[in-house]
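Shown next: my_file.txt, containing compact mmCIF, C-alpha atoms.
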# COMPACT_ATOMS: atom_id res chain seq x y z
CA ALA A 1 151.78 126.70 81.62
CA GLU A 2 149.97 129.81 80.36
CA VAL A 3 146.91 127.80 79.31
CA LEU A 4 146.64 126.24 82.78
CA GLU A 5 146.88 129.67 84.32
CA SER A 6 144.06 130.92 82.11
CA PHE A 7 141.86 128.00 83.19
CA ARG A 8 142.51 128.65 86.88
CA LYS A 9 141.70 132.33 86.50
CA CYS A 10 138.14 131.32 85.62
CA ASP A 11 137.63 130.23 89.25
CA GLU A 12 136.52 133.16 91.38
CA GLY A 13 138.38 131.74 94.38
CA TYR A 14 141.70 131.68 92.52
CA VAL A 15 144.43 134.04 93.76
CA GLY A 16 147.53 132.97 91.82
CA PRO A 17 149.93 130.10 91.10
CA SER A 18 151.37 128.30 94.12
CA PHE A 19 154.69 127.88 92.24
CA GLU A 20 156.04 128.24 88.72
CA THR A 21 154.53 125.54 86.53
CA ILE A 22 156.88 122.78 85.38
CA SER A 23 155.75 122.08 81.81
CA ALA A 24 158.30 119.66 80.38
CA TYR A 25 158.28 117.57 77.21
CA GLY A 26 160.72 114.76 76.38
CA PRO A 27 164.27 115.27 77.74
CA ASN A 28 163.18 118.39 79.63
CA GLY A 29 161.05 116.16 81.85
CA ALA A 30 164.24 114.63 83.25
CA ILE A 31 165.15 118.05 84.71
CA ILE A 32 163.33 117.83 88.04
CA HIS A 33 162.73 121.58 88.48
CA TYR A 34 162.59 122.55 84.81
CA THR A 35 161.21 125.95 83.76
CA ALA A 36 159.94 126.44 80.21
CA GLU A 37 161.20 129.66 78.59
CA ARG A 38 160.20 131.13 75.25
CA GLY A 39 162.87 130.58 72.61
CA SER A 40 164.45 127.57 74.30
CA CYS A 41 161.57 125.32 75.35
CA ALA A 42 160.64 122.21 73.38
CA THR A 43 157.60 121.92 71.13
CA LEU A 44 155.01 119.52 72.47
CA GLY A 45 154.98 116.39 70.31
CA ILE A 46 153.65 112.85 70.17
CA SER A 47 156.87 110.85 70.45
CA SER A 48 157.72 111.26 74.14
CA LEU A 49 156.29 111.90 77.59
CA PHE A 50 154.90 115.24 78.77
CA LEU A 51 155.27 116.06 82.49
CA CYS A 52 153.19 118.85 84.00
CA ASP A 53 153.60 119.86 87.67
CA SER A 54 151.39 122.80 88.63
CA GLY A 55 149.37 124.27 91.44
CA GLY A 56 147.24 127.21 92.52
CA GLN A 57 146.61 129.38 95.53
CA TYR A 58 142.93 129.61 96.32
CA VAL A 59 141.13 131.35 99.16
CA CYS A 60 140.18 127.89 100.41
CA GLY A 61 143.63 126.30 100.13
CA THR A 62 146.67 125.36 98.04
CA THR A 63 147.02 122.76 95.29
CA ASP A 64 150.00 120.88 93.84
CA VAL A 65 149.50 118.12 91.28
CA THR A 66 151.67 116.34 88.72
CA ARG A 67 150.66 114.06 85.89
CA THR A 68 152.85 112.56 83.17
CA ILE A 69 151.12 111.64 79.92
CA HIS A 70 151.87 110.54 76.37
CA LEU A 71 149.83 112.01 73.52
CA ARG A 72 150.20 108.75 71.58
CA PRO A 73 150.44 106.18 74.41
CA ALA A 74 150.35 103.17 72.07
CA ASP A 75 153.78 104.29 70.82
CA ALA A 76 155.31 104.91 74.25
CA GLY A 77 157.35 101.69 74.20
CA ALA A 78 157.66 98.85 76.71
CA HIS A 79 160.42 100.47 78.77
CA VAL A 80 158.58 103.77 79.23
CA ARG A 81 155.34 101.97 80.11
CA ALA A 82 157.13 99.78 82.67
CA CYS A 83 158.83 102.79 84.28
CA TRP A 84 155.57 104.74 84.37
CA THR A 85 153.78 101.78 85.96
CA ARG A 86 156.49 101.40 88.60
CA VAL A 87 156.07 105.06 89.54
CA LEU A 88 152.31 104.60 89.92
CA GLN A 89 152.93 101.51 92.05
CA ALA A 90 155.16 103.65 94.28
CA HIS A 91 152.39 106.24 94.51
CA ILE A 92 149.84 103.57 95.46
CA ALA A 93 152.21 102.13 98.08
CA VAL A 94 152.25 105.48 99.88
CA ASP A 95 148.52 106.17 99.47
CA THR A 96 147.62 102.86 101.12
CA LEU A 97 150.10 102.97 104.01
CA VAL A 98 148.97 102.38 107.59
CA PHE A 99 151.48 103.21 110.33
CA PRO A 100 151.62 103.82 114.10
CA ALA A 101 151.49 107.33 115.55
CA GLY A 102 155.01 108.62 116.11
CA THR A 103 156.22 107.49 112.67
CA THR A 104 158.12 110.04 110.59
CA GLY A 105 158.07 110.63 106.87
CA TYR A 106 161.75 109.74 106.75
CA GLN A 107 160.83 106.24 107.95
CA LEU A 108 158.13 105.85 105.30
CA ASP A 109 160.04 107.09 102.25
CA ALA A 110 161.62 103.72 101.48
CA VAL A 111 158.17 102.14 101.15
CA ALA A 112 157.49 104.38 98.15
CA ARG A 113 160.78 103.49 96.50
CA ALA A 114 160.39 99.72 96.92
CA PRO A 115 158.50 99.11 93.61
CA LEU A 116 161.21 101.06 91.78
CA TRP A 117 164.09 99.47 93.69
CA ARG A 118 162.82 96.02 92.70
CA ALA A 119 163.47 97.04 89.08
CA GLY A 120 166.78 98.76 89.85
CA LEU A 121 165.26 102.24 89.52
CA ASP A 122 165.17 105.25 91.88
CA TYR A 123 164.77 109.04 92.02
CA ARG A 124 166.88 111.86 93.48
CA HIS A 125 164.26 113.81 95.43
CA GLY A 126 161.99 113.28 98.39
CA THR A 127 158.68 111.49 98.06
CA GLY A 128 156.67 114.22 99.73
CA HIS A 129 156.70 117.70 101.26
CA GLY A 130 154.31 119.50 103.57
CA VAL A 131 151.66 121.66 101.90
CA GLY A 132 150.25 124.81 103.51
CA ALA A 133 146.62 125.98 103.34
CA PHE A 134 146.74 129.23 101.32
CA LEU A 135 150.34 129.41 102.50
CA ASN A 136 153.62 127.91 101.22
CA VAL A 137 153.18 125.03 98.82
CA HIS A 138 156.40 123.60 100.33
CA GLU A 139 155.79 123.93 104.04
CA GLY A 140 157.51 122.02 106.85
CA PRO A 141 158.46 120.90 109.30
CA HIS A 142 157.19 117.50 108.18
CA GLY A 143 157.88 115.71 104.91
CA MET A 144 158.70 112.31 103.42
CA SER A 145 162.29 112.06 102.30
CA LEU A 146 165.38 109.90 102.60
CA THR A 147 167.42 112.79 101.24
CA ARG A 148 166.40 115.25 103.98
CA ILE A 149 167.26 113.83 107.38
CA ALA A 150 165.35 116.73 109.02
CA THR A 151 162.10 114.95 108.13
CA ASN A 152 163.03 112.31 110.73
CA ALA A 153 162.68 114.91 113.49
CA VAL A 154 158.91 115.44 113.13
CA ALA A 155 156.34 112.66 113.39
CA LEU A 156 153.34 112.71 111.08
CA GLN A 157 150.17 113.77 112.87
CA GLU A 158 146.48 113.68 112.04
CA GLY A 159 145.52 116.66 109.91
CA MET A 160 148.93 117.25 108.37
CA THR A 161 148.94 117.61 104.59
CA LEU A 162 151.76 116.48 102.34
CA SER A 163 152.44 115.51 98.76
CA ASN A 164 152.88 111.99 97.39
CA GLU A 165 155.16 112.36 94.36
CA PRO A 166 157.50 109.49 93.46
CA GLY A 167 159.19 109.69 90.07
CA TYR A 168 161.77 108.35 87.68
CA TYR A 169 164.03 110.33 85.32
CA GLU A 170 166.32 109.31 82.46
CA GLU A 171 168.69 112.13 81.53
CA GLY A 172 168.36 113.16 77.91
CA SER A 173 165.24 111.09 77.40
CA PHE A 174 162.20 111.55 79.66
CA GLY A 175 160.91 112.16 83.15
CA ILE A 176 157.98 110.71 85.10
CA ARG A 177 156.32 112.06 88.25
CA LEU A 178 152.84 111.33 89.61
CA GLU A 179 151.72 113.58 92.46
CA ASN A 180 148.69 113.99 94.66
CA VAL A 181 148.24 115.99 97.86
CA MET A 182 147.03 113.93 100.80
CA ALA A 183 146.08 114.41 104.45
CA VAL A 184 147.03 112.29 107.45
CA ARG A 185 143.95 110.63 108.96
CA LYS A 186 143.23 108.16 111.76
CA ALA A 187 143.16 104.58 110.48
CA SER A 188 140.82 101.87 111.68
CA THR A 189 142.83 98.77 112.62
CA GLU A 190 141.86 95.44 114.15
CA HIS A 191 144.46 95.87 116.90
CA ALA A 192 146.29 98.74 118.58
CA PHE A 193 149.67 97.38 119.60
CA GLY A 194 151.08 99.23 122.60
CA GLY A 195 147.88 101.25 122.86
CA LYS A 196 148.93 103.37 119.89
CA GLN A 197 146.64 105.06 117.41
CA TYR A 198 147.37 104.05 113.81
CA LEU A 199 147.31 106.53 110.95
CA GLY A 200 146.93 106.49 107.18
CA PHE A 201 146.40 108.88 104.28
CA GLU A 202 143.41 110.37 102.48
CA HIS A 203 144.19 111.65 98.99
CA LEU A 204 142.70 115.08 98.32
CA THR A 205 143.60 115.32 94.63
CA VAL A 206 141.19 113.84 92.07
CA VAL A 207 142.81 113.84 88.64
CA PRO A 208 142.82 110.66 86.50
CA PHE A 209 146.06 108.84 85.68
CA GLN A 210 146.62 107.94 82.03
CA ARG A 211 145.49 104.33 82.16
CA GLU A 212 146.72 103.68 78.58
CA LEU A 213 150.32 103.89 79.85
CA LEU A 214 149.88 101.04 82.30
CA ASP A 215 151.73 97.76 81.94
CA LEU A 216 148.96 95.60 83.35
CA ALA A 217 151.27 92.58 83.70
CA LEU A 218 153.19 94.38 86.45
CA LEU A 219 150.14 95.16 88.59
CA SER A 220 148.82 93.14 91.51
CA ALA A 221 145.09 92.59 91.98
CA ALA A 222 145.16 95.06 94.87
CA GLU A 223 146.79 97.73 92.70
CA VAL A 224 144.23 97.22 89.91
CA SER A 225 141.47 97.58 92.50
CA TRP A 226 143.01 100.80 93.85
CA ILE A 227 143.24 102.33 90.36
CA ASN A 228 139.62 101.47 89.60
CA ARG A 229 138.42 102.86 92.94
CA TYR A 230 140.43 106.05 92.46
CA HIS A 231 139.06 106.63 88.98
CA ALA A 232 135.52 105.92 90.17
CA GLU A 233 136.06 108.60 92.82
CA CYS A 234 137.38 111.05 90.20
CA LEU A 235 134.32 110.44 88.03
CA SER A 236 131.90 110.76 90.95
CA LYS A 237 133.36 114.05 92.20
CA LEU A 238 134.15 115.75 88.89
CA ALA A 239 131.35 114.62 86.56
CA PRO A 240 128.72 116.95 88.11
CA MET A 241 130.93 119.92 87.18
CA LEU A 242 131.39 118.96 83.52
CA CYS A 243 129.35 118.52 80.35
CA GLY A 244 129.79 117.83 76.64
CA ASP A 245 133.25 116.88 75.39
CA ASP A 246 134.82 117.47 78.80
CA LEU A 247 132.50 114.97 80.47
CA ALA A 248 133.01 112.47 77.65
CA TRP A 249 136.80 112.73 78.08
CA LEU A 250 136.55 112.25 81.86
CA THR A 251 134.29 109.21 81.43
CA ARG A 252 136.80 107.57 79.06
CA ALA A 253 139.74 108.45 81.32
CA CYS A 254 138.07 106.83 84.32
CA MET A 255 137.03 103.55 82.67
CA PRO A 256 137.92 100.46 84.75
CA ILE A 257 140.95 98.32 83.92
CA GLY A 258 141.60 94.60 84.39
CA ASP A 259 138.71 92.38 85.44
CA GLY A 260 136.70 95.47 86.31
CA ALA A 261 136.71 96.65 82.70
Structure translated into structure tokens:
Amino acid sequence: AEVLESFRKCDEGYVGPSFETISAYGPNGAIIHYTAERGSCATLGISSLFLCDSGGQYVCGTTDVTRTIHLRPADAGAHVRACWTRVLQAHIAVDTLVFPAGTTGYQLDAVARAPLWRAGLDYRHGTGHGVGAFLNVHEGPHGMSLTRIATNAVALQEGMTLSNEPGYYEEGSFGIRLENVMAVRKASTEHAFGGKQYLGFEHLTVVPFQRELLDLALLSAAEVSWINRYHAECLSKLAPMLCGDDLAWLTRACMPIGDGA
């Protein structure tokens, strides 16, 4: 958490954290709003997952991003890899949604959970919350949640920003969450039933997912294509800002998977 803060302070537009960083290793990752404290926090190791949920307040806006990684992914185990892949599938399901104007986040939340439900898995928090621009990182009135009925009162509108953060947590073992911030945009559709405008999402966050944790056997061709396109976008947007070892790491992290490899 402190290292991330030191990195962000190097940006002249940085003002401060948008919330207290959730830096959680192993069983602590299963505590959804965990806070690391000196003297009681775990030591980062190579035998379990590490979940990091952090964000910053910048003059130009607010960030909120979560990635879950394993420092020795080859030893993660089949169950962890399957769970991690299901969470990414849930994330992709939201990112690629197209829906008619007037739809609420409450109505869309189940779409995110479907890949997890098919495996008998779920999570006890909403899939997304509104995000302010240099304001509150959790900012309503909109959201995407089956657990907060209030999100059914406000339809998603073009320009709204919200998070996309499905997860899965096993108490006493590990936690997984994969989060981007996205904006509601107009979608181009072949038809416009009832004269309605259709909407979709544009992800604003460009941080690679740990491809080594994927269970490729669970992925559809469309999901493989999405992952490869997303990583190509990450490389295109971030590579000009990096050099040396940092650029080499990004290039490896964004290598294609599946038939695109």
Please identify all polymer residues within 12 Å of Thr251 of chain A, counting only C-alpha atoms, omitting same-chain residues fewer than 6 positions from it, and present them as a ChimeraX atom specification.
/A:208,231-240,242-245
**Minimum-distance residue to Glu12 of chain A, chosen among A:Trp226, A:Ala24, A:Ile46, A:Val59 (using all atoms listed in the file)** =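 Answer, going by the shortest atom-to-atom distance: A:Val59.
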Q) Looking at A:Pro166, A:Gly13, A:Gly200, A:Gly175, which one is nearest to His33 of chain A, with distances taken over only C-alpha atoms? A)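 Closest to His33 of chain A, using only C-alpha atoms: A:Gly175.
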- In Å, with one decimal, what is the gap from atom CA of Arg67 of chain A to atom CA of Val154 of chain A?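 Spanning atom CA of Arg67 of chain A to atom CA of Val154 of chain A is a straight-line distance of 28.5 Å.
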Could you tell me how far atom CA of Phe134 of chain A sits from atom CA of Ser6 of chain A, in Å to one decimal place?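 Calculated distance between atom CA of Ser6 of chain A and atom CA of Phe134 of chain A is 19.5 Å.
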(request) Find the spatial neighbours of segment 92-101 of chain A, counting all atoms listed in the file, within a cut-off of 6 Å - ignore same-chain residues fewer than 4 positions away - and output them as number ranges by chain. (result) A: 112, 197-201
Query raised in the report: Hey, which of A:Gly258, A:Gly16, A:Gly172, A:Gly126 ends up closest to Ser225 of chain A? Count only C-alpha atoms.
Result: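 When distances to Ser225 of chain A are compared using only C-alpha atoms, the smallest one comes from A:Gly258.
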Exercise: residues within 12 Å of coordinate (153.4, 125.8, 102.0), counting only C-alpha atoms, as a PyMOL selection string: chain A and resi 18-19+55-57+61-64+129-143+160-163+181
List the neighbours of segment 114-117 of chain A out to 8 Å using all atoms listed in the file; skip same-chain residues closer than 6 positions along the sequence, and give me the result as a PyMOL selection string.
chain A and resi 86-87+89-90
For this session: Mind giving me the straight-line distance from atom CA of Ile69 of chain A to atom CA of Gln210 of chain A in Å, one decimal?
Result: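 Spanning atom CA of Ile69 of chain A to atom CA of Gln210 of chain A is a straight-line distance of 6.2 Å.
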Exercise. Would you be able to write out as a VMD selection string which residues have an atom within 6 Å of (151.9, 119.1, 92.4) in the file's coordinates, counting all atoms listed in the file?
Key: chain A and resid 53 to 55 64 to 66 179
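Ranking A:Ser40, A:Leu156, A:Asn180, A:Leu121 by their shortest atom-to-atom distance to Thr103 of chain A, with only C-alpha atoms included, puts A:Leu156 first.
Nearest residue to Cys41 of chain A among A:Ala110, A:Leu247, A:Ala1, A:Cys60 is A:Ala1, counting all atoms listed in the file.
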| request: Extract, using all atoms listed in the file, all DNA, RNA and protein residues at most 12 Å from Cys83 of chain A, discarding same-chain residues fewer than 5 positions from it, and format them as number ranges by chain. | output: A: 49, 68, 76-78, 88-90, 115-123, 166-170, 174-178, 213-215, 218
Practice prompt. Name the closest residue to Gly29 of chain A among the candidates A:Ala153, A:Leu4, A:Ser173, A:Thr147; distances are taken between atoms, counting only C-alpha atoms.
Written response: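 Distance minimum relative to Gly29 of chain A lands on A:Ser173.
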inquiry  = So that I can see what lies close to Ile227 of chain A, please list as a ChimeraX atom specification the residues with an atom at most 9 Å from it, counting only C-alpha atoms and leaving out residues fewer than 6 positions away in the same chain.
reply    = /A:92,209,211,256-257
Atom completion result for segment 25-36 of chain A (all heavy atoms) as an mmCIF file, in the coordinates of the input:
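What ended up in result-v6.cif:
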data_model
loop_
_atom_site.group_PDB
_atom_site.id
_atom_site.type_symbol
_atom_site.label_atom_id
_atom_site.label_comp_id
_atom_site.auth_asym_id
_atom_site.auth_seq_id
_atom_site.Cartn_x
_atom_site.Cartn_y
_atom_site.Cartn_z
ATOM 1 N N TYR A 25 158.471 118.629 78.206
ATOM 2 C CA TYR A 25 158.280 117.570 77.210
ATOM 3 C C TYR A 25 159.600 116.875 76.918
ATOM 4 O O TYR A 25 160.654 117.508 76.797
ATOM 5 C CB TYR A 25 157.721 118.164 75.914
ATOM 6 C CG TYR A 25 157.614 117.156 74.794
ATOM 7 C CD1 TYR A 25 156.669 116.137 74.828
ATOM 8 C CD2 TYR A 25 158.482 117.214 73.698
ATOM 9 C CE1 TYR A 25 156.583 115.207 73.804
ATOM 10 C CE2 TYR A 25 158.395 116.295 72.668
ATOM 11 C CZ TYR A 25 157.444 115.287 72.728
ATOM 12 O OH TYR A 25 157.359 114.363 71.725
ATOM 13 N N GLY A 26 159.544 115.533 76.772
ATOM 14 C CA GLY A 26 160.720 114.760 76.380
ATOM 15 C C GLY A 26 161.868 114.896 77.359
ATOM 16 O O GLY A 26 161.682 114.777 78.573
ATOM 17 N N PRO A 27 163.075 115.176 76.871
ATOM 18 C CA PRO A 27 164.270 115.270 77.740
ATOM 19 C C PRO A 27 164.137 116.317 78.839
ATOM 20 O O PRO A 27 164.734 116.165 79.904
ATOM 21 C CB PRO A 27 165.389 115.632 76.762
ATOM 22 C CG PRO A 27 164.922 115.122 75.433
ATOM 23 C CD PRO A 27 163.441 115.305 75.438
ATOM 24 N N ASN A 28 163.347 117.357 78.601
ATOM 25 C CA ASN A 28 163.180 118.390 79.630
ATOM 26 C C ASN A 28 162.497 117.837 80.878
ATOM 27 O O ASN A 28 162.669 118.356 81.975
ATOM 28 C CB ASN A 28 162.370 119.565 79.078
ATOM 29 C CG ASN A 28 163.132 120.340 78.025
ATOM 30 O OD1 ASN A 28 164.358 120.312 77.986
ATOM 31 N ND2 ASN A 28 162.413 121.032 77.146
ATOM 32 N N GLY A 29 161.717 116.770 80.715
ATOM 33 C CA GLY A 29 161.050 116.160 81.850
ATOM 34 C C GLY A 29 162.020 115.518 82.832
ATOM 35 O O GLY A 29 161.670 115.279 83.999
ATOM 36 N N ALA A 30 163.230 115.232 82.371
ATOM 37 C CA ALA A 30 164.240 114.630 83.250
ATOM 38 C C ALA A 30 164.916 115.678 84.129
ATOM 39 O O ALA A 30 165.688 115.330 85.026
ATOM 40 C CB ALA A 30 165.284 113.894 82.421
ATOM 41 N N ILE A 31 164.642 116.969 83.864
ATOM 42 C CA ILE A 31 165.150 118.050 84.710
ATOM 43 C C ILE A 31 164.088 118.306 85.778
ATOM 44 O O ILE A 31 163.011 118.850 85.494
ATOM 45 C CB ILE A 31 165.401 119.328 83.875
ATOM 46 C CG1 ILE A 31 166.368 119.014 82.732
ATOM 47 C CG2 ILE A 31 165.936 120.451 84.756
ATOM 48 C CD1 ILE A 31 166.508 120.146 81.729
ATOM 49 N N ILE A 32 164.369 117.902 87.012
ATOM 50 C CA ILE A 32 163.330 117.830 88.040
ATOM 51 C C ILE A 32 162.624 119.159 88.262
ATOM 52 O O ILE A 32 161.403 119.210 88.426
ATOM 53 C CB ILE A 32 163.939 117.288 89.357
ATOM 54 C CG1 ILE A 32 164.396 115.829 89.143
ATOM 55 C CG2 ILE A 32 162.921 117.355 90.494
ATOM 56 C CD1 ILE A 32 165.174 115.240 90.298
ATOM 57 N N HIS A 33 163.351 120.269 88.265
ATOM 58 C CA HIS A 33 162.730 121.580 88.480
ATOM 59 C C HIS A 33 162.863 122.444 87.218
ATOM 60 O O HIS A 33 163.258 123.611 87.275
ATOM 61 C CB HIS A 33 163.357 122.276 89.696
ATOM 62 C CG HIS A 33 163.061 121.576 90.990
ATOM 63 N ND1 HIS A 33 164.033 120.984 91.755
ATOM 64 C CD2 HIS A 33 161.885 121.352 91.636
ATOM 65 C CE1 HIS A 33 163.478 120.425 92.815
ATOM 66 N NE2 HIS A 33 162.176 120.638 92.765
ATOM 67 N N TYR A 34 162.497 121.873 86.104
ATOM 68 C CA TYR A 34 162.590 122.550 84.810
ATOM 69 C C TYR A 34 161.633 123.742 84.727
ATOM 70 O O TYR A 34 160.517 123.713 85.258
ATOM 71 C CB TYR A 34 162.263 121.556 83.699
ATOM 72 C CG TYR A 34 162.173 122.166 82.322
ATOM 73 C CD1 TYR A 34 163.318 122.482 81.607
ATOM 74 C CD2 TYR A 34 160.925 122.434 81.741
ATOM 75 C CE1 TYR A 34 163.233 123.051 80.338
ATOM 76 C CE2 TYR A 34 160.829 122.995 80.481
ATOM 77 C CZ TYR A 34 161.989 123.302 79.785
ATOM 78 O OH TYR A 34 161.905 123.865 78.543
ATOM 79 N N THR A 35 162.060 124.803 84.056
ATOM 80 C CA THR A 35 161.210 125.950 83.760
ATOM 81 C C THR A 35 161.213 126.192 82.257
ATOM 82 O O THR A 35 162.280 126.368 81.660
ATOM 83 C CB THR A 35 161.705 127.223 84.482
ATOM 84 O OG1 THR A 35 161.688 127.008 85.899
ATOM 85 C CG2 THR A 35 160.811 128.402 84.144
ATOM 86 N N ALA A 36 160.044 126.191 81.657
ATOM 87 C CA ALA A 36 159.940 126.440 80.210
ATOM 88 C C ALA A 36 160.123 127.933 79.939
ATOM 89 O O ALA A 36 159.505 128.770 80.604
ATOM 90 C CB ALA A 36 158.589 125.976 79.700
#
